[in-house]
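Heads up, the thing below is written out as structure tokens.
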Amino acid sequence: MLGDHTDAPPYPVGLRLAGRRVVVVGGGHVAQRRVPALIGAGADVLLVSPEVTPALEGLAGEVTWLQRRFEVADLEDAWYVVAATDDPVTNALVSEECERRRIFCVRADDAAGGTAWTPAVGRHGGLTVAVLANREPRKSAGVRDEIMTALRDGTLTARTTLDTTPGVVLVGGGPGDPELATVAARHALASADVVVADRLAPRELLDELPAHVELVDVAKLPRGRSATQEAINDVIVARAREGKRVVRFKGGDGFVFGRGYEEVLACQAAGVPVSVVPGLTSSIAVPASVGIPVTHRGVAHEFTVISGHLPPGHPDSLVAWDAVARMRGTVVLLMAVENAPAIAEALLAGGRGPTTPVAVVQEGTMPGERTVLSTLATLADDLAEHGVRPPAIIVVGDVVAVARPGHYGRG
Ligand code: SAH
């Protein structure tokens, strides 16, 4: 058997299991963790167990499930075996039979009794990280987690595994807290030669950029909305044409009041390749981060996200405020601090009740975050009294009271 060498370190390999028979004996939580990865590796999985967890049952179409106890003949044609029943006698039988047939076998209940160990695994781009910590699964998982975190946040650069082809990547950075930027957003930043960043994009992530990366701060471009947008379009197109990989880094999601699609069109018009990484939009994430759901069963069956940068009645406005007032669901207002009094008035005039609860979240998910609770009737006064400044999200509707029950408004 294992003889005198039980203390020798394992020899790591990457098994190429595509199309190869792998037998998993047992249908509990260990099998539930192993089977999806085996399916992912393309293995021809034979699952042997009288009972399996609901999650494994859900995978029944992707594996062959023998709904009975293990029989030695099940090992026929197997390249690799996982013995993961809750019965040590069965596991021992499986592992002994594998030893005899020279099939590598992992034994879930007794690592020393098997001929192979399952490493803690993580994947990043095209890279597979596998950690074996001498039969200490917590330790191996911990080291794996640290490596994965470092790869994701760029502390450990795996630039060679990233897509670095020239062009423009439009990246939504989430509402502000760097923890709420996606893994894809971090990868994109790590791959960039040039980053063109908005004021509302999570700034802390920019500190992590390597020194060679050119940072263009849009907040410092010449003023005036359309002039700025043209300057942005020009800079992203120009840098991409120089053969650089340009990340256009925005707050929230680039297509939610972010003028992102104008930049896509500019790239397309210039023949520059452009791709999109969606972001967590502040319109949903900021309310959620202070515990306010935009929908709730029996309370709101719709939510409407509206830009408040133009007041109701403005000739350029595309919003039917009377229709919004007649709807019963949640209204989420962005860029609306300045026009909030006029908007509240329009909603009241259209039929929303004066006591409709309102939450205003300024600088959501960021260090300066604060929430002001109000009502439609008192919103204008409350905003003024608390000196609320942009960026702020205004949530109107009964979902606010569901999350923050109590008395709204003044008096
Ligand atoms: N594309 C962004 C929105 C851009 S419009 C997104 O999907 O989130 C800018 C407006 O978004 C701000 O005026 C404010 O209303 C809102 N906003 C963005 N981030 C915010 C934050 N962290 N806290 C509060 N409001 C925010």
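We label chains A, B, ... in the order they appear in the structure tokens, count residues from 1 in each chain, and number ligands from 1 in the order shown.
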task = Could you give me, as a ChimeraX atom specification, the residues within 8 Å of Arg352 in chain A, counting only C-alpha atoms and dropping anything in the same chain fewer than 3 positions from it?
result = /A:325-326,347-349,356
Residues of the last selection are to be written out with C-alpha atoms, as a PDB file, in the first residue's frame.
```pdb
ATOM      1  CA  ALA A 325     -47.454  59.907 -10.961  1.00  0.00           C
ATOM      2  CA  ARG A 326     -50.314  57.559 -11.894  1.00  0.00           C
ATOM      3  CA  LEU A 347     -45.855  63.712  -8.688  1.00  0.00           C
ATOM      4  CA  LEU A 348     -48.282  65.234  -6.148  1.00  0.00           C
ATOM      5  CA  ALA A 349     -50.217  67.012  -8.887  1.00  0.00           C
ATOM      6  CA  THR A 356     -45.556  58.955   0.166  1.00  0.00           C
TER       7      THR A 356
END
```
inquiry  = Need to verify the contact set: Thr149 in chain A, 10 Å, only C-alpha atoms, exclusion of same-chain residues closer than 6 positions in sequence. Can you return it as a list in words?
reply    = His124, Val143, Thr155, Leu156 and Val183 of chain A
query = With distances taken over only C-alpha atoms, which of A:Trp117, A:Gly142, A:Gly329, A:Ala288 is nearest to Ala403 in chain A?
reply = A:Ala288
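Listed by chain and then by rising number, the residues of range 89-144 of chain A that DSSP assigns to strand (DSSP E) from the backbone are A:Phe104, A:Cys105, A:Val106, A:Arg107, A:Ala120, A:Val121, A:Gly122, A:Arg123, A:His124, A:Leu127, A:Thr128, A:Val129, A:Ala130, A:Val131.
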Preceding selection exported with N, CA, C and O atoms as a CSV table (one decimal), in the first residue's frame:
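Contents of selection05.csv, as written:
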```
chain,number,residue,atom,x,y,z
A,104,PHE,N,-6.4,6.1,-9.6
A,104,PHE,CA,-6.2,7.0,-8.5
A,104,PHE,C,-7.6,7.3,-7.9
A,104,PHE,O,-8.6,7.5,-8.6
A,105,CYS,N,-7.6,7.4,-6.6
A,105,CYS,CA,-8.8,7.5,-5.8
A,105,CYS,C,-8.7,8.5,-4.7
A,105,CYS,O,-7.7,8.5,-3.9
A,106,VAL,N,-9.6,9.5,-4.6
A,106,VAL,CA,-9.7,10.4,-3.5
A,106,VAL,C,-10.7,9.8,-2.5
A,106,VAL,O,-11.8,9.4,-2.8
A,107,ARG,N,-10.2,9.8,-1.2
A,107,ARG,CA,-11.1,9.3,-0.2
A,107,ARG,C,-11.5,10.5,0.7
A,107,ARG,O,-10.7,11.1,1.4
A,120,ALA,N,-7.5,22.7,-3.3
A,120,ALA,CA,-8.4,23.9,-3.3
A,120,ALA,C,-8.1,24.6,-4.7
A,120,ALA,O,-6.9,24.9,-5.0
A,121,VAL,N,-9.1,24.8,-5.5
A,121,VAL,CA,-8.9,25.3,-6.8
A,121,VAL,C,-9.6,26.7,-7.0
A,121,VAL,O,-10.6,27.0,-6.5
A,122,GLY,N,-8.9,27.5,-7.8
A,122,GLY,CA,-9.5,28.8,-8.2
A,122,GLY,C,-9.1,29.0,-9.7
A,122,GLY,O,-8.1,28.5,-10.2
A,123,ARG,N,-10.0,29.8,-10.4
A,123,ARG,CA,-9.6,30.1,-11.8
A,123,ARG,C,-9.7,31.6,-12.0
A,123,ARG,O,-10.5,32.3,-11.5
A,124,HIS,N,-8.7,32.0,-12.8
A,124,HIS,CA,-8.6,33.4,-13.1
A,124,HIS,C,-8.2,33.6,-14.6
A,124,HIS,O,-7.1,33.1,-14.9
A,127,LEU,N,-6.1,30.8,-16.2
A,127,LEU,CA,-5.1,30.3,-15.2
A,127,LEU,C,-5.9,29.4,-14.2
A,127,LEU,O,-6.9,29.8,-13.7
A,128,THR,N,-5.4,28.2,-13.9
A,128,THR,CA,-5.9,27.4,-12.8
A,128,THR,C,-5.0,27.4,-11.6
A,128,THR,O,-3.8,27.1,-11.8
A,129,VAL,N,-5.4,27.8,-10.5
A,129,VAL,CA,-4.6,27.8,-9.3
A,129,VAL,C,-5.1,26.6,-8.4
A,129,VAL,O,-6.3,26.5,-8.1
A,130,ALA,N,-4.2,25.7,-8.1
A,130,ALA,CA,-4.5,24.5,-7.2
A,130,ALA,C,-3.6,24.5,-6.1
A,130,ALA,O,-2.4,24.6,-6.2
A,131,VAL,N,-4.1,24.4,-4.8
A,131,VAL,CA,-3.3,24.5,-3.6
A,131,VAL,C,-3.5,23.2,-2.8
A,131,VAL,O,-4.7,22.9,-2.5
```
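Once only C-alpha atoms and all ligand atoms are used for the distance check, the residues close to ligand 1 at 6 Å turn out to be Pro175, Gly176, Gly251, Gly252, Asp253, Gly254, Val256, Phe257, Gly258, Thr281, Ser282, Ser283, Val286, Leu334, Met335, Val361, Gln362, Glu363, Gly364, Thr365, Pro390, Pro391, Ala392 and Ile393 of chain A.
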request  = May I have the residues within 12 Å of Ala240 in chain A as a ChimeraX atom specification, using only C-alpha atoms and disregarding those fewer than 2 positions away in the same chain?
outcome  = /A:164-169,192-196,233-238,242-248,266-268,270-274
Any chance you can output those residues with N, CA and C atoms as a compact mmCIF listing (two decimals), in the first residue's frame?
```txt
# COMPACT_ATOMS: atom_id res chain seq x y z
N THR A 164 -5.25 41.96 -23.79
CA THR A 164 -4.63 43.29 -23.87
C THR A 164 -4.66 43.84 -25.29
N THR A 165 -5.58 43.31 -26.10
CA THR A 165 -5.65 43.79 -27.49
C THR A 165 -6.08 45.26 -27.52
N PRO A 166 -5.58 46.00 -28.52
CA PRO A 166 -5.93 47.42 -28.61
C PRO A 166 -7.42 47.60 -28.83
N GLY A 167 -7.93 48.75 -28.40
CA GLY A 167 -9.35 49.04 -28.54
C GLY A 167 -9.86 49.71 -27.28
N VAL A 168 -11.17 49.85 -27.21
CA VAL A 168 -11.78 50.54 -26.08
C VAL A 168 -12.67 49.56 -25.31
N VAL A 169 -12.52 49.56 -23.99
CA VAL A 169 -13.42 48.77 -23.13
C VAL A 169 -14.17 49.76 -22.25
N ALA A 192 -5.27 47.62 -18.86
CA ALA A 192 -5.30 48.89 -19.60
C ALA A 192 -3.92 49.50 -19.82
N ASP A 193 -3.76 50.16 -20.96
CA ASP A 193 -2.63 51.07 -21.17
C ASP A 193 -3.03 52.49 -20.80
N VAL A 194 -4.31 52.79 -21.02
CA VAL A 194 -4.85 54.12 -20.74
C VAL A 194 -6.18 53.94 -20.01
N VAL A 195 -6.40 54.73 -18.95
CA VAL A 195 -7.69 54.72 -18.27
C VAL A 195 -8.27 56.13 -18.33
N VAL A 196 -9.49 56.23 -18.86
CA VAL A 196 -10.17 57.52 -18.93
C VAL A 196 -11.31 57.46 -17.91
N ASN A 233 -14.72 61.41 -26.40
CA ASN A 233 -14.75 60.58 -27.60
C ASN A 233 -13.43 60.67 -28.35
N ASP A 234 -12.93 61.91 -28.48
CA ASP A 234 -11.68 62.11 -29.23
C ASP A 234 -10.52 61.38 -28.57
N VAL A 235 -10.43 61.49 -27.25
CA VAL A 235 -9.26 60.91 -26.58
C VAL A 235 -9.30 59.39 -26.62
N ILE A 236 -10.50 58.78 -26.42
CA ILE A 236 -10.52 57.32 -26.43
C ILE A 236 -10.23 56.77 -27.83
N VAL A 237 -10.77 57.45 -28.83
CA VAL A 237 -10.53 57.00 -30.20
C VAL A 237 -9.05 57.19 -30.57
N ALA A 238 -8.51 58.35 -30.21
CA ALA A 238 -7.11 58.64 -30.59
C ALA A 238 -6.16 57.62 -29.95
N GLU A 242 -3.70 54.60 -31.58
CA GLU A 242 -2.25 54.47 -31.36
C GLU A 242 -1.87 53.04 -30.99
N GLY A 243 -2.88 52.16 -30.95
CA GLY A 243 -2.60 50.76 -30.61
C GLY A 243 -2.70 50.48 -29.12
N LYS A 244 -3.27 51.41 -28.37
CA LYS A 244 -3.39 51.23 -26.92
C LYS A 244 -4.70 50.54 -26.57
N ARG A 245 -4.70 49.93 -25.38
CA ARG A 245 -5.95 49.40 -24.84
C ARG A 245 -6.49 50.43 -23.85
N VAL A 246 -7.65 50.95 -24.18
CA VAL A 246 -8.21 52.06 -23.43
C VAL A 246 -9.40 51.58 -22.59
N VAL A 247 -9.33 51.81 -21.30
CA VAL A 247 -10.50 51.53 -20.46
C VAL A 247 -11.20 52.84 -20.15
N ARG A 248 -12.45 52.91 -20.57
CA ARG A 248 -13.29 54.07 -20.25
C ARG A 248 -14.05 53.70 -18.99
N ALA A 266 -19.19 56.45 -31.17
CA ALA A 266 -17.99 57.17 -31.63
C ALA A 266 -16.90 56.17 -32.04
N CYS A 267 -16.73 55.12 -31.25
CA CYS A 267 -15.72 54.10 -31.58
C CYS A 267 -16.09 53.40 -32.88
N GLN A 268 -17.37 53.03 -32.98
CA GLN A 268 -17.80 52.34 -34.20
C GLN A 268 -17.59 53.21 -35.43
N ALA A 270 -15.40 55.39 -35.84
CA ALA A 270 -13.97 55.51 -36.12
C ALA A 270 -13.34 54.17 -36.47
N GLY A 271 -14.15 53.10 -36.44
CA GLY A 271 -13.62 51.77 -36.75
C GLY A 271 -12.73 51.21 -35.66
N VAL A 272 -12.96 51.66 -34.41
CA VAL A 272 -12.15 51.18 -33.28
C VAL A 272 -12.93 50.08 -32.55
N PRO A 273 -12.30 48.92 -32.29
CA PRO A 273 -13.02 47.86 -31.59
C PRO A 273 -13.44 48.31 -30.19
N VAL A 274 -14.67 48.01 -29.81
CA VAL A 274 -15.17 48.46 -28.51
C VAL A 274 -15.97 47.32 -27.86
```
Test item, alpha helix (DSSP H) assignment across range 51-285 of chain A, answer as an MDAnalysis selection string = chainID A and resid 54:58 88:101 137:153 183:190 204:207 225:241 260:270 282:285
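When CA of His29 in chain A is paired with CA of Ala133 in chain A, their separation reads 21.2 Å.
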message = Give me the residues near Val324 in chain A as a list in words, where near means some atom within 12 Å (using only C-alpha atoms) and where sequence neighbours in that chain fewer than 5 positions away do not count.
response = Glu302, Phe303, Thr304, Val305, Ile306, Pro312, Leu318, Val319, Gly329, Thr330, Val331, Val332, Leu333, Ile343, Ala344, Ala346, Leu347, Leu348, Ala349, Gly350, Gly351, Arg352, Val396 and Gly397 of chain A
request  = Do a neighbour search on Gly42 in chain A at 7 Å with only C-alpha atoms, toss out local chain neighbours closer than 3 positions, and write the hits as a PyMOL selection string.
outcome  = chain A and resi 17-19+38-39
Residues of the last selection are to be written out with N, CA, C and O atoms, as a short mmCIF file (atom, residue, chain, number, x, y, z; two decimals), in the first residue's frame.
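Contents of out-v3.cif, freshly written:
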```cif
data_model
loop_
_atom_site.label_atom_id
_atom_site.label_comp_id
_atom_site.auth_asym_id
_atom_site.auth_seq_id
_atom_site.Cartn_x
_atom_site.Cartn_y
_atom_site.Cartn_z
N LEU A 17 -9.57 15.32 -18.16
CA LEU A 17 -10.62 14.31 -17.96
C LEU A 17 -11.68 14.30 -19.06
O LEU A 17 -12.60 13.50 -19.00
N ALA A 18 -11.53 15.18 -20.04
CA ALA A 18 -12.59 15.29 -21.06
C ALA A 18 -12.90 13.93 -21.68
O ALA A 18 -12.00 13.24 -22.18
N GLY A 19 -14.16 13.53 -21.62
CA GLY A 19 -14.60 12.28 -22.22
C GLY A 19 -14.17 11.04 -21.45
O GLY A 19 -14.44 9.92 -21.89
N LEU A 38 -16.07 18.39 -12.02
CA LEU A 38 -15.77 17.28 -12.93
C LEU A 38 -16.53 17.45 -14.24
O LEU A 38 -15.98 17.23 -15.32
N ILE A 39 -17.78 17.86 -14.13
CA ILE A 39 -18.55 18.15 -15.36
C ILE A 39 -17.86 19.26 -16.14
O ILE A 39 -17.68 19.18 -17.35
#
```
ask   = What lies within 8 Å of Thr355 in chain A using only C-alpha atoms, ignoring chain neighbours under 4 positions off, as a PyMOL selection string?
value = chain A and resi 375-377+408-409
Quick one: write out the picked residues with all heavy atoms as a PDB file, in the first residue's frame?
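Okay, this is what ended up in part13.pdb:
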```pdb
ATOM      1  N   THR A 375     -40.883  62.883   2.906  1.00  0.00           N
ATOM      2  CA  THR A 375     -42.118  62.522   2.180  1.00  0.00           C
ATOM      3  C   THR A 375     -42.199  63.426   0.958  1.00  0.00           C
ATOM      4  O   THR A 375     -41.481  64.425   0.866  1.00  0.00           O
ATOM      5  CB  THR A 375     -43.383  62.769   3.026  1.00  0.00           C
ATOM      6  OG1 THR A 375     -43.480  64.185   3.258  1.00  0.00           O
ATOM      7  CG2 THR A 375     -43.339  62.034   4.359  1.00  0.00           C
ATOM      8  N   LEU A 376     -43.098  63.080   0.056  1.00  0.00           N
ATOM      9  CA  LEU A 376     -43.229  63.915  -1.144  1.00  0.00           C
ATOM     10  C   LEU A 376     -43.575  65.356  -0.774  1.00  0.00           C
ATOM     11  O   LEU A 376     -43.021  66.303  -1.332  1.00  0.00           O
ATOM     12  CB  LEU A 376     -44.319  63.348  -2.062  1.00  0.00           C
ATOM     13  CG  LEU A 376     -43.861  62.378  -3.147  1.00  0.00           C
ATOM     14  CD1 LEU A 376     -45.014  62.105  -4.101  1.00  0.00           C
ATOM     15  CD2 LEU A 376     -42.648  62.899  -3.912  1.00  0.00           C
ATOM     16  N   ALA A 377     -44.473  65.521   0.208  1.00  0.00           N
ATOM     17  CA  ALA A 377     -44.928  66.875   0.547  1.00  0.00           C
ATOM     18  C   ALA A 377     -43.813  67.713   1.166  1.00  0.00           C
ATOM     19  O   ALA A 377     -43.795  68.940   1.011  1.00  0.00           O
ATOM     20  CB  ALA A 377     -46.125  66.807   1.492  1.00  0.00           C
ATOM     21  N   TYR A 408     -42.734  59.651   8.857  1.00  0.00           N
ATOM     22  CA  TYR A 408     -42.027  60.361   7.800  1.00  0.00           C
ATOM     23  C   TYR A 408     -42.324  61.841   7.803  1.00  0.00           C
ATOM     24  O   TYR A 408     -43.412  62.251   8.135  1.00  0.00           O
ATOM     25  CB  TYR A 408     -42.360  59.739   6.441  1.00  0.00           C
ATOM     26  CG  TYR A 408     -41.549  58.495   6.257  1.00  0.00           C
ATOM     27  CD1 TYR A 408     -41.951  57.300   6.806  1.00  0.00           C
ATOM     28  CD2 TYR A 408     -40.303  58.574   5.656  1.00  0.00           C
ATOM     29  CE1 TYR A 408     -41.171  56.179   6.714  1.00  0.00           C
ATOM     30  CE2 TYR A 408     -39.500  57.463   5.561  1.00  0.00           C
ATOM     31  CZ  TYR A 408     -39.938  56.271   6.089  1.00  0.00           C
ATOM     32  OH  TYR A 408     -39.144  55.177   5.998  1.00  0.00           O
ATOM     33  N   GLY A 409     -41.326  62.574   7.412  1.00  0.00           N
ATOM     34  CA  GLY A 409     -41.531  64.011   7.286  1.00  0.00           C
ATOM     35  C   GLY A 409     -41.490  64.699   8.629  1.00  0.00           C
ATOM     36  O   GLY A 409     -41.069  64.134   9.618  1.00  0.00           O
TER      37      GLY A 409
END
```
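Among the candidate residues A:Arg100, A:Arg241, A:Arg370, A:Arg328, the one lying nearest to Gly353 in chain A is A:Arg328, with distances computed using only C-alpha atoms.
Among the candidates A:Pro287, A:Gly126, A:Gly58, A:Pro202, the one nearest to Leu151 in chain A when counting only C-alpha atoms is A:Gly126.
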For Asp217 in chain A, find every residue with an atom within 10 Å (counting only C-alpha atoms), except residues of its own chain fewer than 6 positions away, and show them as a PDB file with all heavy atoms, in the first residue's frame.
```
ATOM      1  N   VAL A 195      -6.396  54.732 -18.954  1.00  0.00           N
ATOM      2  CA  VAL A 195      -7.695  54.718 -18.273  1.00  0.00           C
ATOM      3  C   VAL A 195      -8.273  56.126 -18.331  1.00  0.00           C
ATOM      4  O   VAL A 195      -7.613  57.095 -17.933  1.00  0.00           O
ATOM      5  CB  VAL A 195      -7.570  54.251 -16.803  1.00  0.00           C
ATOM      6  CG1 VAL A 195      -8.919  54.376 -16.084  1.00  0.00           C
ATOM      7  CG2 VAL A 195      -7.066  52.813 -16.740  1.00  0.00           C
ATOM      8  N   VAL A 196      -9.486  56.228 -18.862  1.00  0.00           N
ATOM      9  CA  VAL A 196     -10.169  57.517 -18.934  1.00  0.00           C
ATOM     10  C   VAL A 196     -11.305  57.460 -17.913  1.00  0.00           C
ATOM     11  O   VAL A 196     -12.285  56.744 -18.095  1.00  0.00           O
ATOM     12  CB  VAL A 196     -10.710  57.771 -20.359  1.00  0.00           C
ATOM     13  CG1 VAL A 196     -11.388  59.137 -20.428  1.00  0.00           C
ATOM     14  CG2 VAL A 196      -9.584  57.667 -21.384  1.00  0.00           C
ATOM     15  N   ALA A 197     -11.126  58.182 -16.790  1.00  0.00           N
ATOM     16  CA  ALA A 197     -12.003  57.975 -15.630  1.00  0.00           C
ATOM     17  C   ALA A 197     -12.939  59.141 -15.383  1.00  0.00           C
ATOM     18  O   ALA A 197     -12.549  60.303 -15.459  1.00  0.00           O
ATOM     19  CB  ALA A 197     -11.158  57.731 -14.386  1.00  0.00           C
ATOM     20  N   ASP A 198     -14.174  58.792 -15.052  1.00  0.00           N
ATOM     21  CA  ASP A 198     -15.185  59.778 -14.662  1.00  0.00           C
ATOM     22  C   ASP A 198     -15.046  60.150 -13.204  1.00  0.00           C
ATOM     23  O   ASP A 198     -14.509  59.393 -12.410  1.00  0.00           O
ATOM     24  CB  ASP A 198     -16.584  59.169 -14.849  1.00  0.00           C
ATOM     25  CG  ASP A 198     -17.163  59.513 -16.201  1.00  0.00           C
ATOM     26  OD1 ASP A 198     -16.465  60.166 -16.996  1.00  0.00           O
ATOM     27  OD2 ASP A 198     -18.302  59.108 -16.462  1.00  0.00           O
ATOM     28  N   ARG A 199     -15.670  61.269 -12.855  1.00  0.00           N
ATOM     29  CA  ARG A 199     -15.690  61.726 -11.471  1.00  0.00           C
ATOM     30  C   ARG A 199     -16.326  60.673 -10.555  1.00  0.00           C
ATOM     31  O   ARG A 199     -15.865  60.442  -9.447  1.00  0.00           O
ATOM     32  CB  ARG A 199     -16.524  63.009 -11.416  1.00  0.00           C
ATOM     33  CG  ARG A 199     -16.313  63.870 -10.207  1.00  0.00           C
ATOM     34  CD  ARG A 199     -17.353  64.971 -10.172  1.00  0.00           C
ATOM     35  NE  ARG A 199     -17.389  65.731 -11.440  1.00  0.00           N
ATOM     36  CZ  ARG A 199     -16.726  66.863 -11.626  1.00  0.00           C
ATOM     37  NH1 ARG A 199     -16.002  67.374 -10.668  1.00  0.00           N
ATOM     38  NH2 ARG A 199     -16.780  67.502 -12.784  1.00  0.00           N
ATOM     39  N   ILE A 232     -13.909  63.558 -24.744  1.00  0.00           N
ATOM     40  CA  ILE A 232     -13.749  62.165 -24.301  1.00  0.00           C
ATOM     41  C   ILE A 232     -13.725  61.229 -25.507  1.00  0.00           C
ATOM     42  O   ILE A 232     -12.851  60.365 -25.628  1.00  0.00           O
ATOM     43  CB  ILE A 232     -14.913  61.758 -23.354  1.00  0.00           C
ATOM     44  CG1 ILE A 232     -14.863  62.571 -22.066  1.00  0.00           C
ATOM     45  CG2 ILE A 232     -14.850  60.264 -23.040  1.00  0.00           C
ATOM     46  CD1 ILE A 232     -16.127  62.461 -21.228  1.00  0.00           C
ATOM     47  N   PHE A 249     -13.656  54.322 -17.874  1.00  0.00           N
ATOM     48  CA  PHE A 249     -14.099  53.872 -16.557  1.00  0.00           C
ATOM     49  C   PHE A 249     -15.158  54.815 -16.008  1.00  0.00           C
ATOM     50  O   PHE A 249     -14.897  56.000 -15.780  1.00  0.00           O
ATOM     51  CB  PHE A 249     -12.869  53.832 -15.647  1.00  0.00           C
ATOM     52  CG  PHE A 249     -13.070  53.090 -14.363  1.00  0.00           C
ATOM     53  CD1 PHE A 249     -13.686  51.852 -14.341  1.00  0.00           C
ATOM     54  CD2 PHE A 249     -12.623  53.625 -13.165  1.00  0.00           C
ATOM     55  CE1 PHE A 249     -13.851  51.155 -13.159  1.00  0.00           C
ATOM     56  CE2 PHE A 249     -12.785  52.940 -11.974  1.00  0.00           C
ATOM     57  CZ  PHE A 249     -13.404  51.714 -11.978  1.00  0.00           C
TER      58      PHE A 249
END
```
